[in-house]
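As stored in run-v2.txt (compact mmCIF, C-alpha atoms and all ligand atoms):
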```
# COMPACT_ATOMS: atom_id res chain seq x y z
CA MET X 5 -22.27 6.27 35.70
CA LYS X 6 -19.35 5.44 37.99
CA PHE X 7 -15.88 5.14 36.53
CA GLU X 8 -15.76 1.45 37.48
CA ASP X 9 -18.75 0.90 35.15
CA ILE X 10 -16.62 1.72 32.11
CA LYS X 11 -15.55 -1.65 30.77
CA ASN X 12 -16.33 -1.64 27.05
CA ILE X 13 -14.89 0.98 24.74
CA CYS X 14 -15.92 1.46 21.12
CA VAL X 15 -13.56 3.35 18.82
CA VAL X 16 -15.06 4.67 15.59
CA GLY X 17 -12.45 4.95 12.82
CA ALA X 18 -9.40 2.68 12.57
CA GLY X 19 -7.17 5.17 10.70
CA ASN X 20 -4.05 7.01 11.81
CA MET X 21 -5.46 7.83 15.25
CA GLY X 22 -8.29 5.37 15.83
CA HIS X 23 -6.34 2.10 15.72
CA GLN X 24 -3.76 3.42 18.17
CA ILE X 25 -6.36 4.80 20.60
CA ALA X 26 -8.08 1.42 20.41
CA LEU X 27 -4.86 -0.48 21.08
CA GLN X 28 -3.86 1.77 23.99
CA SER X 29 -7.31 1.16 25.50
CA ALA X 30 -6.90 -2.62 25.06
CA ILE X 31 -3.43 -2.55 26.64
CA CYS X 32 -4.92 -0.67 29.61
CA GLY X 33 -7.44 -3.44 30.23
CA PHE X 34 -10.62 -2.33 28.44
CA LYS X 35 -12.61 -4.52 26.06
CA VAL X 36 -12.38 -2.66 22.77
CA LYS X 37 -14.23 -2.85 19.49
CA CYS X 38 -12.87 -0.62 16.76
CA PHE X 39 -15.15 0.08 13.79
CA ASP X 40 -14.34 1.43 10.33
CA ILE X 41 -16.20 1.49 7.01
CA ASN X 42 -13.01 0.61 5.13
CA GLU X 43 -12.11 -3.11 5.09
CA GLU X 44 -8.48 -2.47 4.10
CA THR X 45 -8.04 -0.09 7.02
CA LEU X 46 -9.47 -2.68 9.40
CA LYS X 47 -7.10 -5.35 8.09
CA LYS X 48 -4.12 -3.02 8.35
CA ALA X 49 -5.05 -2.06 11.91
CA ASP X 50 -5.42 -5.71 12.93
CA ALA X 51 -2.03 -6.56 11.39
CA PHE X 52 -0.48 -3.60 13.23
CA VAL X 53 -1.62 -5.04 16.57
CA ASP X 54 -0.01 -8.37 15.67
CA SER X 55 3.32 -6.70 14.95
CA TYR X 56 3.25 -4.04 17.69
CA LEU X 57 2.55 -6.23 20.72
CA PRO X 58 5.42 -8.74 20.22
CA GLY X 59 7.74 -5.76 19.70
CA ARG X 60 6.71 -4.35 23.10
CA VAL X 61 7.38 -7.73 24.70
CA GLU X 62 10.85 -7.90 23.07
CA LYS X 63 11.65 -4.43 24.43
CA GLY X 64 10.50 -5.45 27.91
CA ARG X 65 7.68 -2.87 27.95
CA LEU X 66 4.96 -5.52 28.27
CA THR X 67 5.01 -9.05 29.62
CA ALA X 68 3.92 -11.86 27.30
CA GLU X 69 0.76 -12.21 29.45
CA GLN X 70 -0.06 -8.48 29.15
CA ALA X 71 0.42 -8.62 25.38
CA GLU X 72 -1.81 -11.67 25.12
CA ALA X 73 -4.48 -9.98 27.26
CA ALA X 74 -4.34 -6.86 25.07
CA ARG X 75 -4.68 -8.98 21.92
CA ASN X 76 -7.72 -10.70 23.40
CA ASN X 77 -9.21 -7.34 24.42
CA ILE X 78 -9.32 -5.84 20.92
CA GLN X 79 -11.43 -6.57 17.86
CA PHE X 80 -11.68 -4.70 14.56
CA VAL X 81 -15.21 -4.87 13.16
CA ASN X 82 -17.16 -3.59 10.16
CA ASP X 83 -20.51 -3.34 11.95
CA LEU X 84 -21.34 -0.29 14.06
CA GLU X 85 -24.21 -2.05 15.84
CA LEU X 86 -21.76 -4.71 17.03
CA ALA X 87 -19.08 -2.15 17.90
CA ALA X 88 -21.22 0.29 19.86
CA GLY X 89 -24.14 -1.87 21.05
CA ASP X 90 -22.57 -2.63 24.44
CA ALA X 91 -20.22 0.36 24.72
CA ASP X 92 -19.87 2.32 27.96
CA PHE X 93 -17.61 4.87 26.31
CA VAL X 94 -17.21 5.67 22.61
CA ILE X 95 -14.18 7.47 21.17
CA GLU X 96 -14.84 8.70 17.65
CA ALA X 97 -11.80 9.18 15.41
CA ALA X 98 -13.39 9.29 11.96
CA THR X 99 -12.54 11.64 9.09
CA GLU X 100 -12.57 15.33 10.03
CA ILE X 101 -15.79 16.36 8.25
CA LEU X 102 -18.54 17.88 10.35
CA GLU X 103 -21.52 16.42 8.46
CA LEU X 104 -19.96 12.96 8.50
CA LYS X 105 -19.40 13.17 12.25
CA ARG X 106 -22.96 14.41 12.89
CA LYS X 107 -24.31 11.40 11.00
CA ILE X 108 -22.08 9.07 13.04
CA TYR X 109 -23.30 10.66 16.30
CA ALA X 110 -26.95 10.30 15.29
CA ASP X 111 -26.26 6.60 14.62
CA LEU X 112 -24.29 6.20 17.85
CA ASP X 113 -27.11 7.81 19.82
CA ARG X 114 -29.50 5.20 18.46
CA ILE X 115 -27.13 2.26 18.97
CA ALA X 116 -25.06 2.89 22.11
CA PRO X 117 -26.56 2.30 25.60
CA ARG X 118 -28.15 5.43 27.15
CA HIS X 119 -25.38 5.76 29.76
CA ALA X 120 -22.55 5.75 27.20
CA ILE X 121 -20.37 8.83 26.78
CA LEU X 122 -19.65 9.83 23.18
CA ALA X 123 -16.23 11.50 22.89
CA THR X 124 -14.76 12.97 19.74
CA ASN X 125 -11.06 12.96 19.00
CA SER X 126 -11.57 15.77 16.48
CA SER X 127 -8.62 18.13 16.11
CA ALA X 128 -10.78 21.17 15.51
CA ILE X 129 -14.51 20.54 15.71
CA VAL X 130 -15.91 21.53 19.10
CA SER X 131 -18.41 19.03 20.48
CA SER X 132 -21.24 21.60 20.62
CA LYS X 133 -21.35 21.36 16.81
CA ILE X 134 -22.07 17.64 17.10
CA ALA X 135 -23.93 17.21 20.40
CA ASP X 136 -27.35 18.28 19.06
CA ALA X 137 -27.28 15.38 16.60
CA THR X 138 -27.95 13.28 19.75
CA GLN X 139 -30.47 13.14 22.60
CA ARG X 140 -27.62 13.09 25.15
CA GLN X 141 -25.89 16.40 24.68
CA ASP X 142 -24.48 16.36 28.24
CA LYS X 143 -22.52 13.21 27.31
CA VAL X 144 -20.89 14.48 24.09
CA VAL X 145 -17.39 15.80 24.73
CA ASN X 146 -14.06 16.49 23.05
CA MET X 147 -11.27 14.07 24.01
CA HIS X 148 -8.34 15.08 21.85
CA PHE X 149 -5.40 12.66 21.64
CA PHE X 150 -2.12 13.48 19.90
CA ASN X 151 -0.30 11.62 17.18
CA PRO X 152 1.01 8.93 17.59
CA ALA X 153 -1.65 8.12 20.16
CA LEU X 154 0.26 5.14 21.58
CA VAL X 155 3.17 7.43 22.42
CA MET X 156 2.00 10.99 23.05
CA LYS X 157 0.86 11.64 26.61
CA LEU X 158 -1.33 14.71 26.20
CA VAL X 159 -5.11 14.49 25.98
CA GLU X 160 -7.19 17.68 25.83
CA VAL X 161 -10.65 17.35 27.39
CA VAL X 162 -12.92 20.22 26.40
CA LYS X 163 -15.91 21.00 28.58
CA GLY X 164 -18.33 22.74 26.26
CA PRO X 165 -21.35 24.52 27.78
CA HIS X 166 -23.56 21.44 27.22
CA VAL X 167 -21.14 18.94 28.85
CA SER X 168 -22.00 17.73 32.37
CA ASP X 169 -19.46 17.77 35.19
CA GLU X 170 -19.82 13.99 35.37
CA THR X 171 -18.93 13.56 31.68
CA ALA X 172 -15.88 15.81 31.99
CA ASP X 173 -14.74 14.05 35.18
CA LEU X 174 -15.15 10.56 33.70
CA THR X 175 -13.31 11.59 30.52
CA MET X 176 -10.43 12.98 32.60
CA GLN X 177 -10.35 9.77 34.68
CA LEU X 178 -10.42 7.56 31.60
CA SER X 179 -7.55 9.53 30.05
CA LYS X 180 -5.45 8.95 33.18
CA THR X 181 -6.29 5.23 33.16
CA LEU X 182 -5.12 5.15 29.53
CA GLN X 183 -1.76 6.38 30.93
CA LYS X 184 -2.21 9.85 29.48
CA VAL X 185 -1.86 13.32 30.96
CA PRO X 186 -5.22 15.04 30.46
CA VAL X 187 -5.69 18.80 30.55
CA LEU X 188 -9.12 20.34 31.05
CA LEU X 189 -10.33 23.22 28.90
CA LYS X 190 -13.10 24.99 30.77
CA LYS X 191 -14.42 26.60 27.58
CA GLU X 192 -14.67 25.66 23.93
CA VAL X 193 -12.09 27.48 21.86
CA ASP X 194 -11.00 27.04 18.26
CA GLY X 195 -7.88 24.85 18.07
CA PHE X 196 -8.02 23.92 21.76
CA LEU X 197 -4.73 24.53 23.63
CA LEU X 198 -1.76 23.05 21.86
CA ASN X 199 -2.96 23.41 18.27
CA ARG X 200 -3.48 27.13 18.87
CA ILE X 201 0.15 27.37 19.92
CA PHE X 202 1.26 25.19 16.99
CA ALA X 203 -0.91 27.18 14.57
CA ALA X 204 1.03 30.31 15.46
CA ILE X 205 4.35 28.49 14.86
CA SER X 206 3.13 26.92 11.65
CA ARG X 207 1.78 30.25 10.33
CA GLU X 208 5.19 31.84 10.82
CA ALA X 209 7.00 28.80 9.32
CA THR X 210 4.77 28.90 6.22
CA TRP X 211 5.26 32.67 5.85
CA LEU X 212 9.05 32.19 5.97
CA LEU X 213 8.80 29.48 3.30
CA GLU X 214 6.39 31.39 1.05
CA MET X 215 8.53 34.52 1.25
CA GLY X 216 11.58 32.48 0.18
CA VAL X 217 13.42 33.30 3.41
CA ALA X 218 14.41 29.67 4.11
CA GLU X 219 13.75 26.11 2.95
CA VAL X 220 11.62 23.52 4.76
CA GLU X 221 14.57 21.69 6.31
CA ASP X 222 16.24 24.84 7.63
CA ILE X 223 13.01 26.11 9.19
CA ASP X 224 12.53 22.72 10.86
CA ASN X 225 16.15 22.70 12.02
CA ALA X 226 15.70 26.12 13.63
CA CYS X 227 12.82 24.75 15.72
CA VAL X 228 14.66 21.54 16.63
CA TYR X 229 18.12 22.88 17.38
CA GLY X 230 17.17 26.35 18.64
CA ALA X 231 13.94 25.74 20.51
CA GLY X 232 14.46 22.08 21.45
CA HIS X 233 11.28 20.90 19.72
CA PRO X 234 11.36 17.14 18.96
CA MET X 235 10.61 17.96 15.31
CA GLY X 236 9.94 21.02 13.18
CA PRO X 237 6.49 22.09 11.92
CA PHE X 238 6.93 20.63 8.41
CA ARG X 239 8.18 17.24 9.66
CA LEU X 240 5.30 17.20 12.15
CA ASN X 241 2.84 17.98 9.35
CA ASP X 242 4.21 15.00 7.38
CA LEU X 243 3.45 12.83 10.40
CA THR X 244 -0.05 14.16 11.09
CA GLY X 245 -1.02 14.24 7.40
CA LEU X 246 -1.18 17.09 4.88
CA ASP X 247 -4.62 15.80 3.88
CA LEU X 248 -5.88 16.47 7.40
CA SER X 249 -4.42 20.02 7.34
CA TYR X 250 -6.02 20.66 3.95
CA ILE X 251 -9.43 19.35 5.06
CA MET X 252 -9.27 21.37 8.29
CA ARG X 253 -8.43 24.59 6.46
CA MET X 254 -11.20 24.04 3.92
CA GLU X 255 -13.70 23.33 6.72
CA LYS X 256 -12.61 26.54 8.44
CA PHE X 257 -12.93 28.51 5.19
CA ARG X 258 -16.42 27.12 4.58
CA GLU X 259 -17.37 28.27 8.05
CA THR X 260 -15.86 31.78 7.95
CA GLY X 261 -15.73 32.61 4.22
CA ASN X 262 -12.46 34.38 5.02
CA PRO X 263 -9.84 33.82 2.25
CA ALA X 264 -7.11 34.07 4.92
CA ASP X 265 -8.37 30.70 6.23
CA LEU X 266 -7.76 28.91 2.90
CA PRO X 267 -4.89 26.38 2.81
CA ASN X 268 -1.66 27.97 1.54
CA PRO X 269 -0.66 27.32 -2.11
CA ARG X 270 2.22 24.95 -1.29
CA LEU X 271 -0.09 22.82 0.87
CA VAL X 272 -2.72 22.75 -1.91
CA GLU X 273 -0.04 21.68 -4.41
CA HIS X 274 1.04 18.72 -2.24
CA TYR X 275 -2.57 17.79 -1.51
CA MET X 276 -3.53 17.78 -5.21
CA LYS X 277 -0.57 15.49 -5.99
CA GLY X 278 -1.65 13.08 -3.25
CA GLU X 279 1.47 13.91 -1.22
CA TYR X 280 0.02 13.58 2.26
CA GLY X 281 3.26 13.02 4.16
CA GLU X 282 4.83 9.88 5.59
CA LYS X 283 1.77 7.73 4.85
CA THR X 284 2.10 8.30 1.08
CA GLY X 285 5.92 8.39 1.01
CA LYS X 286 6.05 12.08 0.19
CA GLY X 287 4.87 15.35 1.70
CA TRP X 288 7.11 18.27 2.63
CA TYR X 289 9.91 15.66 2.62
CA ASP X 290 10.52 12.75 0.25
CA TYR X 291 10.59 9.43 2.16
CA SER X 292 11.14 7.23 -0.89
CA LYS X 293 14.83 8.20 -0.84
CA LYS X 294 15.45 6.75 2.66
N1 LIG W 301 -3.80 12.77 12.34
C1 LIG W 301 -3.57 13.43 13.47
O1 LIG W 301 -2.44 13.82 13.77
C2 LIG W 301 -4.70 13.69 14.44
C3 LIG W 301 -4.38 14.06 15.75
C4 LIG W 301 -5.41 14.26 16.67
C5 LIG W 301 -6.73 14.13 16.27
N2 LIG W 301 -7.02 13.79 14.98
C6 LIG W 301 -8.44 13.63 14.61
O2 LIG W 301 -8.73 12.26 14.55
C7 LIG W 301 -9.75 12.02 13.58
C8 LIG W 301 -9.24 11.00 12.59
O3 LIG W 301 -8.05 11.48 11.99
P1 LIG W 301 -6.99 10.47 11.34
O4 LIG W 301 -5.74 11.24 11.13
O5 LIG W 301 -6.96 9.19 12.12
O6 LIG W 301 -7.68 10.22 9.91
P2 LIG W 301 -7.58 8.93 8.97
O7 LIG W 301 -7.99 9.40 7.63
O8 LIG W 301 -6.27 8.25 9.11
O9 LIG W 301 -8.70 7.98 9.60
C9 LIG W 301 -10.06 8.27 9.53
C10 LIG W 301 -10.81 6.97 9.40
O10 LIG W 301 -12.21 7.23 9.51
C11 LIG W 301 -12.84 6.27 8.70
N3 LIG W 301 -14.22 6.66 8.45
C12 LIG W 301 -14.72 7.54 7.55
N4 LIG W 301 -16.06 7.58 7.64
C13 LIG W 301 -16.40 6.72 8.63
C14 LIG W 301 -17.64 6.32 9.20
N5 LIG W 301 -18.80 6.80 8.77
N6 LIG W 301 -17.62 5.42 10.20
C15 LIG W 301 -16.44 4.92 10.65
N7 LIG W 301 -15.24 5.25 10.15
C16 LIG W 301 -15.23 6.14 9.15
C17 LIG W 301 -11.99 6.21 7.44
O11 LIG W 301 -12.23 5.03 6.72
C18 LIG W 301 -10.58 6.28 8.04
O12 LIG W 301 -10.03 4.99 8.27
C19 LIG W 301 -10.06 13.37 12.94
O13 LIG W 301 -11.19 13.93 13.58
C20 LIG W 301 -8.84 14.20 13.26
O14 LIG W 301 -9.13 15.58 13.35
C21 LIG W 301 -6.02 13.54 14.06
```
Starting from the file, lay out its structure as structure tokens.
Ligand SMILES: NC(=O)c1ccc[n+]([C@@H]2O[C@H](COP(=O)([O-])OP(=O)(O)OC[C@H]3O[C@@H](n4cnc5c(N)ncnc54)[C@H](O)[C@@H]3O)[C@@H](O)[C@H]2O)c1
Amino acid sequence: MKFEDIKNICVVGAGNMGHQIALQSAICGFKVKCFDINEETLKKADAFVDSYLPGRVEKGRLTAEQAEAARNNIQFVNDLELAAGDADFVIEAATEILELKRKIYADLDRIAPRHAILATNSSAIVSSKIADATQRQDKVVNMHFFNPALVMKLVEVVKGPHVSDETADLTMQLSKTLQKVPVLLKKEVDGFLLNRIFAAISREATWLLEMGVAEVEDIDNACVYGAGHPMGPFRLNDLTGLDLSYIMRMEKFRETGNPADLPNPRLVEHYMKGEYGEKTGKGWYDYSKK
């Protein structure tokens, strides 16, 4: 496939990441169908587009014509056959559970045209764990966006051993066309690039908290005002979702059986109370008091 042949993008999952990846793709001129199994999520995502685009026009970031074109480019649908049937490139951003993703990839392999690339936005699952659910392993690749996907520039493209040069090249090119800055990982590695670095920071931050050395806000402030980070690890976790961290740690534990990989007790406590961060109004911080 040539890059110019990529016209239709299917995004699977309209949650935190999926709806923003879909909208960015629509703004950049692709015809996008975004699929989710949850009707409420689809409605919320559609309403977000209606509020986001006029805001960009007001701020002078998009012309009224560009906003209208983006609106016409994007559809939120509850039917995977419709979403992926004519896709040239699929970006999967569904819940971070390996078995669920493998089922989605088996379905996508049946539905999407043979030439279509199937990219996963997974934060931690390397594509070699998913690729063999399809008959097109050379076209299954990691394409890891960062949250919020409309804003953050970095995309990590991971070239697993099964990924063809063409797939990696096209994924890098698509990332650039989506106005992102892609980095290429030549090997699969747990946590990719940035999350490995963040994991080290977050491990230390959690240790400091657990040992009673400092409170959440002071640890975050140290990172912001001493290291110049835009936000500290706990504030960032509230943005990305404590539920995602919990699920990722549990997945890792299931894989390794190592108790050191279990989520830490404070994270478990928040998770059990349904305190997932900004999206539920409470996580490490309480947003109801704003
Ligand atoms: N949240 C982040 O900061 C972040 C950053 C980068 C990558 N990711 C990755 O993006 C993916 C999605 O994460 P999220 O934070 O958007 O989660 P989310 O829970 O906000 O969204 C996941 C969506 O997937 C949908 N879904 C579940 N099963 C499905 C199926 N069979 N078909 C279609 N949709 C299905 C859910 O209904 C939900 O709307 C995960 O793989 C995660 O690792 C997340």
Within 8 Å of ligand LIG 301 (chain W), which residues of chain X show up? Give each one with its shortest atom-to-atom distance in Å (one decimal) and the two atoms involved, counting all atoms listed in the file, rows by chain then rising residue number, as JSON lines.
```
{"residue": "X:Val16", "atom": "CA", "partner": "W:LIG301", "partner_atom": "C15", "distance": 5.1}
{"residue": "X:Gly17", "atom": "CA", "partner": "W:LIG301", "partner_atom": "N7", "distance": 3.9}
{"residue": "X:Ala18", "atom": "CA", "partner": "W:LIG301", "partner_atom": "O12", "distance": 4.9}
{"residue": "X:Gly19", "atom": "CA", "partner": "W:LIG301", "partner_atom": "O9", "distance": 3.4}
{"residue": "X:Asn20", "atom": "CA", "partner": "W:LIG301", "partner_atom": "O5", "distance": 3.6}
{"residue": "X:Met21", "atom": "CA", "partner": "W:LIG301", "partner_atom": "O5", "distance": 3.7}
{"residue": "X:Gly22", "atom": "CA", "partner": "W:LIG301", "partner_atom": "O5", "distance": 5.5}
{"residue": "X:His23", "atom": "CA", "partner": "W:LIG301", "partner_atom": "O5", "distance": 8.0}
{"residue": "X:Phe39", "atom": "CA", "partner": "W:LIG301", "partner_atom": "C15", "distance": 5.9}
{"residue": "X:Asp40", "atom": "CA", "partner": "W:LIG301", "partner_atom": "N7", "distance": 3.9}
{"residue": "X:Ile41", "atom": "CA", "partner": "W:LIG301", "partner_atom": "N7", "distance": 5.0}
{"residue": "X:Asn42", "atom": "CA", "partner": "W:LIG301", "partner_atom": "O11", "distance": 4.8}
{"residue": "X:Thr45", "atom": "CA", "partner": "W:LIG301", "partner_atom": "O12", "distance": 5.6}
{"residue": "X:Leu46", "atom": "CA", "partner": "W:LIG301", "partner_atom": "O12", "distance": 7.8}
{"residue": "X:Leu84", "atom": "CA", "partner": "W:LIG301", "partner_atom": "N6", "distance": 7.8}
{"residue": "X:Glu96", "atom": "CA", "partner": "W:LIG301", "partner_atom": "C7", "distance": 7.3}
{"residue": "X:Ala97", "atom": "CA", "partner": "W:LIG301", "partner_atom": "C7", "distance": 4.0}
{"residue": "X:Ala98", "atom": "CA", "partner": "W:LIG301", "partner_atom": "O10", "distance": 3.4}
{"residue": "X:Thr99", "atom": "CA", "partner": "W:LIG301", "partner_atom": "C9", "distance": 4.2}
{"residue": "X:Glu100", "atom": "CA", "partner": "W:LIG301", "partner_atom": "O13", "distance": 4.1}
{"residue": "X:Ile101", "atom": "CA", "partner": "W:LIG301", "partner_atom": "O13", "distance": 7.4}
{"residue": "X:Leu104", "atom": "CA", "partner": "W:LIG301", "partner_atom": "N5", "distance": 6.3}
{"residue": "X:Lys105", "atom": "CA", "partner": "W:LIG301", "partner_atom": "N5", "distance": 7.3}
{"residue": "X:Lys107", "atom": "CA", "partner": "W:LIG301", "partner_atom": "N5", "distance": 7.5}
{"residue": "X:Ile108", "atom": "CA", "partner": "W:LIG301", "partner_atom": "N5", "distance": 5.8}
{"residue": "X:Thr124", "atom": "CA", "partner": "W:LIG301", "partner_atom": "O13", "distance": 7.2}
{"residue": "X:Asn125", "atom": "CA", "partner": "W:LIG301", "partner_atom": "O2", "distance": 5.1}
{"residue": "X:Ser126", "atom": "CA", "partner": "W:LIG301", "partner_atom": "O13", "distance": 3.5}
{"residue": "X:Ser127", "atom": "CA", "partner": "W:LIG301", "partner_atom": "O14", "distance": 3.8}
{"residue": "X:Ala128", "atom": "CA", "partner": "W:LIG301", "partner_atom": "O14", "distance": 6.2}
{"residue": "X:Ile129", "atom": "CA", "partner": "W:LIG301", "partner_atom": "O14", "distance": 7.7}
{"residue": "X:His148", "atom": "CA", "partner": "W:LIG301", "partner_atom": "C5", "distance": 5.9}
{"residue": "X:Phe149", "atom": "CA", "partner": "W:LIG301", "partner_atom": "C4", "distance": 5.2}
{"residue": "X:Phe150", "atom": "CA", "partner": "W:LIG301", "partner_atom": "C4", "distance": 4.7}
{"residue": "X:Asn151", "atom": "CA", "partner": "W:LIG301", "partner_atom": "O1", "distance": 4.6}
{"residue": "X:Pro152", "atom": "CA", "partner": "W:LIG301", "partner_atom": "O1", "distance": 7.1}
{"residue": "X:Ala153", "atom": "CA", "partner": "W:LIG301", "partner_atom": "C3", "distance": 7.9}
{"residue": "X:Leu243", "atom": "CA", "partner": "W:LIG301", "partner_atom": "O1", "distance": 6.9}
{"residue": "X:Thr244", "atom": "CA", "partner": "W:LIG301", "partner_atom": "O1", "distance": 3.6}
{"residue": "X:Gly245", "atom": "CA", "partner": "W:LIG301", "partner_atom": "N1", "distance": 5.9}
{"residue": "X:Leu248", "atom": "CA", "partner": "W:LIG301", "partner_atom": "O4", "distance": 6.4}
{"residue": "X:Met252", "atom": "CA", "partner": "W:LIG301", "partner_atom": "O14", "distance": 7.7}
```
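Reported to one decimal place, the separation of atom CA of Gly33 of chain X from atom CA of Ala73 of chain X is 7.8 Å.
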Find the spatial neighbours of Arg118 of chain X, counting all atoms listed in the file, within a cut-off of 9 Å - ignore same-chain residues fewer than 4 positions away - and output them as a list in words. Asp92, Asp113, Arg114 and Arg140 of chain X
Have a look at atom CA of Thr260 of chain X and atom CA of Leu188 of chain X and let me know their distance in Å, one decimal.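 Calculated distance between atom CA of Thr260 of chain X and atom CA of Leu188 of chain X is 26.6 Å.
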Take atom CA of Leu189 of chain X and atom CA of Val162 of chain X and report the distance between them in Å, one decimal.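 Answer for the atom CA of Leu189 of chain X to atom CA of Val162 of chain X separation: 4.7 Å.
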Centre, edges in Å (one decimal): axis-aligned box, segment 261-266 of chain X, 4 Å padding on all six sides, as lines of an AutoDock Vina configuration file:
```
center_x = -11.4
center_y = 31.6
center_z = 4.2
size_x = 16.6
size_y = 13.5
size_z = 12.0
```
Within 7 Å of Lys143 of chain X using all atoms listed in the file, minus same-chain residues under 6 positions, as a PyMOL selection string: chain X and resi 121-122+167-168+171
Selection: 12 Å around segment 200-211 of chain X, all atoms listed in the file, excl. self and same-chain fewer than 2 positions, as a PyMOL selection string: chain X and resi 127-128+193-198+213-227+231+233+235-241+249+252-253+264-265+267-271+288
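Distance check against Ala26 of chain X using all atoms listed in the file: of X:Asp50, X:Glu279, X:Asp90, X:Asp173, the minimum falls on X:Asp50.
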X:Gly261, X:Lys191, X:Met276, X:Lys283: which is nearest Asp242 of chain X, counting only C-alpha atoms?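 The shortest atom-to-atom distance to Asp242 of chain X comes from X:Lys283.
Of the listed residues (X:Ile10, X:Leu154, X:Gly59, X:Glu43), X:Leu154 comes nearest to Gln24 of chain X; the distances count only C-alpha atoms.
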With distances taken over all atoms listed in the file, which residue among X:Gln139, X:Thr175, X:Ser292, X:Asn262 lies nearest Met5 of chain X?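 For Met5 of chain X, the nearest of the given residues is X:Thr175.
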Contacts of Phe34 of chain X within 10 Å, all atoms listed in the file, excl. fewer than 6 positions in-chain, as number ranges by chain: X: 10-14, 26-28, 73-74, 77-78, 181-182
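Residue nearest Leu57 of chain X within the list X:Lys6, X:Lys286, X:His274, X:Arg75: X:Arg75 [criterion: smallest interatomic distance, all atoms listed in the file].
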